[in-house]
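**Q** This is the structure, below, for whatever I ask next.
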Amino acid sequence: MPSNKSVSDAPISQFTNCRILREHTLQREDLWVREGKILDPEKLFFDEQGYADQQVDCEASIIAPGFIDVQINGGYGVDFSQPSEDVTAGVSLVAKKILEHGVTSFCPTLVTSPPAVYHKVLPQIKVHDGGPHGAGFLGFHLEGPFISLEKKGAHPERYLRTFQSGGIEDLMEAYGSLDNVAMVTLAPELPRSQSVVRELCQRGITVSLGHSVANLSQAEDAVQHGASFITHLFNAMLPFHHRDPGIVGLLTSDQIPAGRTVFYGMIADGIHTNPAALRIAHRAHPSGLVLVTDAITAMGLPPGHHTLGQQVIEIQGLHAYVTGLPLPYSRRWLINDEFVS
Amino acid sequence: GFNSRMRLVILDDYDLASEWAAKYIRNRIVEFKPSADRYFTLGLPTGSTPYGCYQKLIEFYRSGDLSFKYVKTFNMDEYVGLPRAHPESYHSYMWNNFFKHIDIDPANAHILDGNAEDLEAECNAYEQKIAAAGGIELFVGGIGPDGHIAFNEPGSSLVSRTRVKTLAKDTIVANARFFGNDLSKVPTMSLTVGVGTVMDAKEVMILITGAHKAFALYKAIEEGVNHMWTVSAFQQHPHTIFVCDEDATLELRVKTVKYFKGLMHVHNKLVDPVLSIKD
């Protein structure tokens with residue numbers, strides 16, 4: 001039975017026997033698609049008097065929007081923080097591989113690096129859509145170098161920077177180009193950070209707070225200047241304290257400007273965050289939760305030595321260690337599909 | 001043709017009544033052997049009463065025993081002024097509970113448009129569509145606690161046609177539960193087929209289940225034809241079937257119930273054997 005030709009000649013596909021994500025629940029509903037757009041089947045029935053040209057039995061599978069990973073340092077032997085000659089090849093390889101795990105867009109992340117690395121890497125690749133060839137490139141996530149010494153985590157101390165003028169010059173000197181940058185993680189307690197936050201937001205770049213010892217007041221100030229994200233909540237920031245919740249307090253702060261939401265990345269691998277802490281965050285601010293992998297070069301590869309920018313990482317069992325440094329700098333390196341469910 | 005008769009079919013509970021009704025509809029469609037040249041025209045109700053019947057019909061479609069490919073449907077009514085996409089509109093009800101699960105051609109599923117520019121013209125056009133389809137072969141309906149059929153509220157003309165009706169206070173109050181118990185949100189007007197429109201159908205099947213409908217059933221079949229209980233009009237229709245559960249018969253005379261229960265072996269021949277398009 002053909003679709004009504006008065007509106008469109010394009011064929012209509014009906015995905016049956018599936019569960020779709022709708023209104024925050026998984027519902028047993030059919031999904032109707034025409035020319036890459038999801039249709040309202042009731043409108044199709046009553047307005048167009050149309051119906052499906054083909055039906056696809058999904059065998060009770062879930063149909064969900066593709067995942068977006070805004071923090072991923074590399075994978076499959078590719079390290080985004082290496083000053084490679086062919087960044088596109090590395091990004092494309094990872095893009096193709098993560099598609100298999102349902103990730104359809106991502107922000108390749110660069111950890112704190114010397115200016116030479118940024119100047120070489122950033123100009124090599126432009127924002128572009130994904131497709132069957134691989135996940136879409138949304139822009140780089142620059143995690144550092146404007147971060148706190150005390151909360152550097154696995155970042156190399158010698159390449160940390162501070163804001164000299166508090167203007168665009170600081171950014172240009174460090175990064176070279178902001179053209180294909182989607183997100184910057186910085187520590188808002190660094191002097192002269194407010195104007196930098198504003199400068200970045202004006203360019204449509206998401207400012208994320210992280211690797212920081214900011215108190216709640218400093219974090220709120222940054223949000224008021226435009227910051228809208230928190231980098232891996234709980235990790236590399238002051239722990240929640242009832243008299244000063246720090247950055248974590250943004251989840252329930254009443255100083256967030258009206259109409260704005262503060263989102264927070266969470267590494268839900270069971271190692272970076274205790275699941276109970278994850279649940280507390282989720283219950284406090286469910287609509288702000290963003291799962292991130294923060295995956296590293298070693299993702300998808302067997303145990304051994306790999307790089308993370310200027311550091312060397314050693315994989316032992318299920319954990320990854322910055323060579324020579326003990327926990328808590330370990331990162332989980334296995335691809336974990338389970339942590340999404 | 002077949003002889004005039006009124007059947008009162010009494011099943012033990014809601015599920016059995018729904019199943020009997022669905023089987024009857026199935027047999028009628030299959031026996032009719034509808035085709036592209038000769039559609040089976042079916043009048044349809046909404047509400048909680050026919051829900052079980054719709055579920056069963058969907059099952060029959062899924063098992064491959066019944067197809068709605070050559071069936072044309074005409075719903076009884078729709079609210080005026082309620083957006084079609086509103087979850088309580090009768091369009092939404094029919095889509096979610098029936099049409100989306102079966103193989104009916106959308107062009108053959110007719111429901112009055114409560115948002116039409118000219119409501120009167122919409123009603124007249126609907127009558128014409130029914131006539132153009134050759135009239136209704138089987139009109140399935142329900143009954144309100146006040147004995148109304150469709151939105152033909154007490155006092156409606158028994159020879160009425162499809163028209164705009166203002167809803168009775170009782171109906172608005174009864175419907176409030178679908179609108180967050182906010183009376184101000186309940187539609188006050190509807191488009192409805194008339195009593196006369198349903199009387200024109202070749203056969204009428206009324207589903208009545210539940211104790212709260214018992215008094216209305218009593219008024220409909222044990223008292224006279226009366227425009228205050230519009231379902232009573234079908235006492236004068238040559239081929240009417242009332243399908244009920246036990247609870248709906250609670251206000252009837254024991255004698256009436258015993259008589260019709262005694263006829264169940266005859267009634268059951270209408271649904272046994274149950275026919276299939278596979279044959």
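Ordering of the structure tokens sets the chain letters (A, B, ...), residue numbers begin anew at 1 in every chain, and ligands are numbered from 1 in the order given.
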When DSSP is applied to the backbone of this structure, which of segment 41-178 of chain B are assigned helix (DSSP H, G or I)? Write them out as number ranges by chain.

**A** B: 51-62, 90-97, 99-101, 106-108, 119-132, 169-178

**Q** Residues of chain A that have any atom at most 8 Å from an atom of chain B: could you tabulate them with the shortest-distance atom pair and the distance in Å to one decimal, using only C-alpha atoms, ordered by chain and increasing number, as a tab-separated table?

**A**
residue	atom	partner	partner_atom	distance
A:Glu42	CA	B:Trp95	CA	6.6
A:Phe45	CA	B:Pro106	CA	5.6
A:Phe46	CA	B:Pro106	CA	6.7
A:Gln49	CA	B:Pro106	CA	4.7
A:Gly50	CA	B:Pro106	CA	6.5
A:Tyr51	CA	B:Pro106	CA	7.7

**Q** Nearest residue to Lys261 of chain B out of B:Ala211, B:Ile136, B:Ile25, B:Ile10, using only C-alpha atoms?

**A** B:Ile10

**Q** Per residue of segment 143-237 of chain A within 12 Å of segment 81-96 of chain A, which atom pair is closest and at what distance in Å (one decimal), using only C-alpha atoms, listed by chain and increasing number, as JSON lines?

**A**
{"residue": "A:Glu143", "atom": "CA", "partner": "A:Ser81", "partner_atom": "CA", "distance": 10.4}
{"residue": "A:Gly144", "atom": "CA", "partner": "A:Ser81", "partner_atom": "CA", "distance": 11.4}
{"residue": "A:His155", "atom": "CA", "partner": "A:Ser81", "partner_atom": "CA", "distance": 11.3}

**Q** Would you save the residues from that selection as a PDB file, in the first residue's frame, using all heavy atoms?

**A**
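Okay, selection.pdb is ready:
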ATOM      1  N   GLU A 143      40.770  20.202  26.829  1.00  0.00           N
ATOM      2  CA  GLU A 143      40.757  20.033  28.280  1.00  0.00           C
ATOM      3  C   GLU A 143      42.112  20.483  28.813  1.00  0.00           C
ATOM      4  O   GLU A 143      43.055  19.712  28.880  1.00  0.00           O
ATOM      5  CB  GLU A 143      40.477  18.559  28.616  1.00  0.00           C
ATOM      6  CG  GLU A 143      40.192  18.298  30.077  1.00  0.00           C
ATOM      7  CD  GLU A 143      40.146  16.807  30.406  1.00  0.00           C
ATOM      8  OE1 GLU A 143      40.574  16.002  29.556  1.00  0.00           O
ATOM      9  OE2 GLU A 143      39.697  16.463  31.508  1.00  0.00           O
ATOM     10  N   GLY A 144      42.211  21.764  29.170  1.00  0.00           N
ATOM     11  CA  GLY A 144      43.485  22.345  29.559  1.00  0.00           C
ATOM     12  C   GLY A 144      43.985  23.257  28.455  1.00  0.00           C
ATOM     13  O   GLY A 144      43.338  23.356  27.407  1.00  0.00           O
ATOM     14  N   HIS A 155      47.227  15.162  33.791  1.00  0.00           N
ATOM     15  CA  HIS A 155      47.779  16.159  32.865  1.00  0.00           C
ATOM     16  C   HIS A 155      49.217  16.530  33.267  1.00  0.00           C
ATOM     17  O   HIS A 155      49.536  16.563  34.462  1.00  0.00           O
ATOM     18  CB  HIS A 155      46.900  17.424  32.859  1.00  0.00           C
ATOM     19  CG  HIS A 155      45.539  17.204  32.248  1.00  0.00           C
ATOM     20  ND1 HIS A 155      45.025  18.020  31.287  1.00  0.00           N
ATOM     21  CD2 HIS A 155      44.590  16.261  32.471  1.00  0.00           C
ATOM     22  CE1 HIS A 155      43.817  17.590  30.923  1.00  0.00           C
ATOM     23  NE2 HIS A 155      43.535  16.516  31.634  1.00  0.00           N
TER      24      HIS A 155
END

**Q** Looking only at the backbone, which of the residues in segment 98-253 of chain A does DSSP tag as strand (DSSP E or B), as number ranges by chain?

**A** A: 103-111, 128, 131, 134, 136-137, 140-143, 181-186, 206-209, 212, 229-230, 237

**Q** Suppose we keep C-alpha atoms; can you now write the selection as a PDB file, in the first residue's frame?

**A**
ATOM      1  CA  VAL A 103      28.151   6.877  19.117  1.00  0.00           C
ATOM      2  CA  THR A 104      27.151   9.028  16.166  1.00  0.00           C
ATOM      3  CA  SER A 105      28.867  12.319  17.102  1.00  0.00           C
ATOM      4  CA  PHE A 106      31.905  13.141  19.207  1.00  0.00           C
ATOM      5  CA  CYS A 107      34.356  15.775  20.375  1.00  0.00           C
ATOM      6  CA  PRO A 108      37.928  14.518  20.088  1.00  0.00           C
ATOM      7  CA  THR A 109      39.564  15.706  23.303  1.00  0.00           C
ATOM      8  CA  LEU A 110      43.055  17.096  23.715  1.00  0.00           C
ATOM      9  CA  VAL A 111      44.612  16.963  27.170  1.00  0.00           C
ATOM     10  CA  HIS A 128      31.649  17.711   9.685  1.00  0.00           C
ATOM     11  CA  GLY A 131      27.324   8.997   8.275  1.00  0.00           C
ATOM     12  CA  GLY A 134      31.761   7.193  10.959  1.00  0.00           C
ATOM     13  CA  GLY A 136      30.289  13.147  13.107  1.00  0.00           C
ATOM     14  CA  PHE A 137      33.060  15.504  14.242  1.00  0.00           C
ATOM     15  CA  PHE A 140      37.557  19.579  19.577  1.00  0.00           C
ATOM     16  CA  HIS A 141      37.232  19.523  23.328  1.00  0.00           C
ATOM     17  CA  LEU A 142      40.276  21.279  24.747  1.00  0.00           C
ATOM     18  CA  GLU A 143      40.757  20.033  28.280  1.00  0.00           C
ATOM     19  CA  VAL A 181      36.754  23.957  18.863  1.00  0.00           C
ATOM     20  CA  ALA A 182      33.458  22.933  20.447  1.00  0.00           C
ATOM     21  CA  MET A 183      34.367  22.949  24.131  1.00  0.00           C
ATOM     22  CA  VAL A 184      37.081  24.222  26.473  1.00  0.00           C
ATOM     23  CA  THR A 185      37.625  22.942  30.012  1.00  0.00           C
ATOM     24  CA  LEU A 186      39.161  25.474  32.364  1.00  0.00           C
ATOM     25  CA  THR A 206      30.970  25.666  25.399  1.00  0.00           C
ATOM     26  CA  VAL A 207      32.910  26.493  28.536  1.00  0.00           C
ATOM     27  CA  SER A 208      33.243  23.589  30.948  1.00  0.00           C
ATOM     28  CA  LEU A 209      34.494  23.815  34.506  1.00  0.00           C
ATOM     29  CA  SER A 212      39.681  22.997  39.419  1.00  0.00           C
ATOM     30  CA  PHE A 229      29.170  22.395  31.527  1.00  0.00           C
ATOM     31  CA  ILE A 230      31.128  20.540  34.181  1.00  0.00           C
ATOM     32  CA  MET A 237      37.522  19.004  41.666  1.00  0.00           C
TER      33      MET A 237
END

**Q** Which residues come within 6 Å of Asp77 of chain B, counting only C-alpha atoms, excluding same-chain residues fewer than 2 positions away, as an NGL selection string?

**A** :B and (75 or 191-192)

**Q** Hey, can you spit out that residue selection with N, CA and C atoms as a compact mmCIF listing (two decimals), in the first residue's frame?

**A**
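File produced: selection.txt:
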# COMPACT_ATOMS: atom_id res chain seq x y z
N ASN B 75 -17.07 6.39 12.25
CA ASN B 75 -17.23 6.54 13.69
C ASN B 75 -18.47 7.36 14.01
N LEU B 191 -20.02 16.59 17.49
CA LEU B 191 -20.71 16.22 16.27
C LEU B 191 -21.09 14.76 16.46
N THR B 192 -22.31 14.42 16.12
CA THR B 192 -22.73 13.04 16.34
C THR B 192 -23.67 12.56 15.24

**Q** With a distance cut-off of 7 Å and only C-alpha atoms, select the neighbouring residues of Gly75 of chain A, excluding the residue or stretch itself and same-chain residues fewer than 2 positions from it, and output the selection as a list in words.

**A**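 The contact residues come out as Gly77, Val78, Asp79, Val94, Ala295, Ile296, Thr297, Ala298, Met299 and Gly300 of chain A.
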
**Q** Output C-alpha atoms for every residue in that selection, as a PDB file, in the first residue's frame.

**A**
ATOM      1  CA  GLY A  77      45.908   3.295  19.035  1.00  0.00           C
ATOM      2  CA  VAL A  78      44.978   6.853  18.100  1.00  0.00           C
ATOM      3  CA  ASP A  79      45.908   9.616  20.586  1.00  0.00           C
ATOM      4  CA  VAL A  94      38.078   6.406  15.857  1.00  0.00           C
ATOM      5  CA  ALA A 295      38.340   7.049  26.695  1.00  0.00           C
ATOM      6  CA  ILE A 296      42.034   6.880  25.947  1.00  0.00           C
ATOM      7  CA  THR A 297      44.251   5.592  23.158  1.00  0.00           C
ATOM      8  CA  ALA A 298      44.256   2.120  24.609  1.00  0.00           C
ATOM      9  CA  MET A 299      40.491   1.690  24.157  1.00  0.00           C
ATOM     10  CA  GLY A 300      39.876  -1.418  22.143  1.00  0.00           C
TER      11      GLY A 300
END

**Q** Which residues, written as a list in words, have at least one atom at most 10 Å from Gly196 of chain B, with only C-alpha atoms counted and residues fewer than 5 positions away on the same chain left out?

**A**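 After dropping sequence-adjacent residues, the list is Ser157, Leu158, Val159, Ser160, Arg161, Thr162, Ala201, Ala233 and Phe234 of chain B.
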
**Q** Which neighbours of Val231 of chain B fall inside 8 Å, counting only C-alpha atoms, when residues of the same chain fewer than 6 positions from it are skipped, and could you give them as a short mmCIF file (atom, residue, chain, number, x, y, z; two decimals) with all heavy atoms, in the first residue's frame?

**A**
data_model
loop_
_atom_site.label_atom_id
_atom_site.label_comp_id
_atom_site.auth_asym_id
_atom_site.auth_seq_id
_atom_site.Cartn_x
_atom_site.Cartn_y
_atom_site.Cartn_z
N ILE B 143 -23.70 2.52 24.91
CA ILE B 143 -24.84 3.18 25.55
C ILE B 143 -24.32 3.96 26.75
O ILE B 143 -23.44 3.50 27.45
CB ILE B 143 -25.89 2.12 25.96
CG1 ILE B 143 -27.13 2.75 26.56
CG2 ILE B 143 -25.31 1.14 26.95
CD1 ILE B 143 -28.21 1.71 26.86
N GLY B 147 -28.65 6.28 28.91
CA GLY B 147 -29.32 5.61 27.80
C GLY B 147 -29.09 6.24 26.44
O GLY B 147 -29.78 5.91 25.48
N HIS B 148 -28.10 7.14 26.34
CA HIS B 148 -27.91 7.77 25.03
C HIS B 148 -27.06 6.90 24.12
O HIS B 148 -26.21 6.14 24.59
CB HIS B 148 -27.31 9.17 25.18
CG HIS B 148 -25.87 9.18 25.61
ND1 HIS B 148 -25.45 9.88 26.72
CD2 HIS B 148 -24.75 8.62 25.09
CE1 HIS B 148 -24.14 9.72 26.86
NE2 HIS B 148 -23.69 8.96 25.89
N ILE B 149 -27.29 7.00 22.84
CA ILE B 149 -26.46 6.35 21.83
C ILE B 149 -25.69 7.46 21.14
O ILE B 149 -26.27 8.49 20.78
CB ILE B 149 -27.30 5.53 20.83
CG1 ILE B 149 -26.38 4.99 19.72
CG2 ILE B 149 -28.42 6.31 20.21
CD1 ILE B 149 -26.11 3.54 19.81
N ALA B 220 -33.87 0.68 28.06
CA ALA B 220 -33.74 0.52 26.61
C ALA B 220 -34.58 -0.63 26.08
O ALA B 220 -35.12 -0.55 24.97
CB ALA B 220 -32.28 0.30 26.24
#

**Q** Extract, using only C-alpha atoms, all DNA, RNA and protein residues at most 7 Å from Pro188 of chain A, discarding same-chain residues fewer than 5 positions from it, and format them as a PyMOL selection string.

**A** chain A and resi 193+209+214+218-219+222
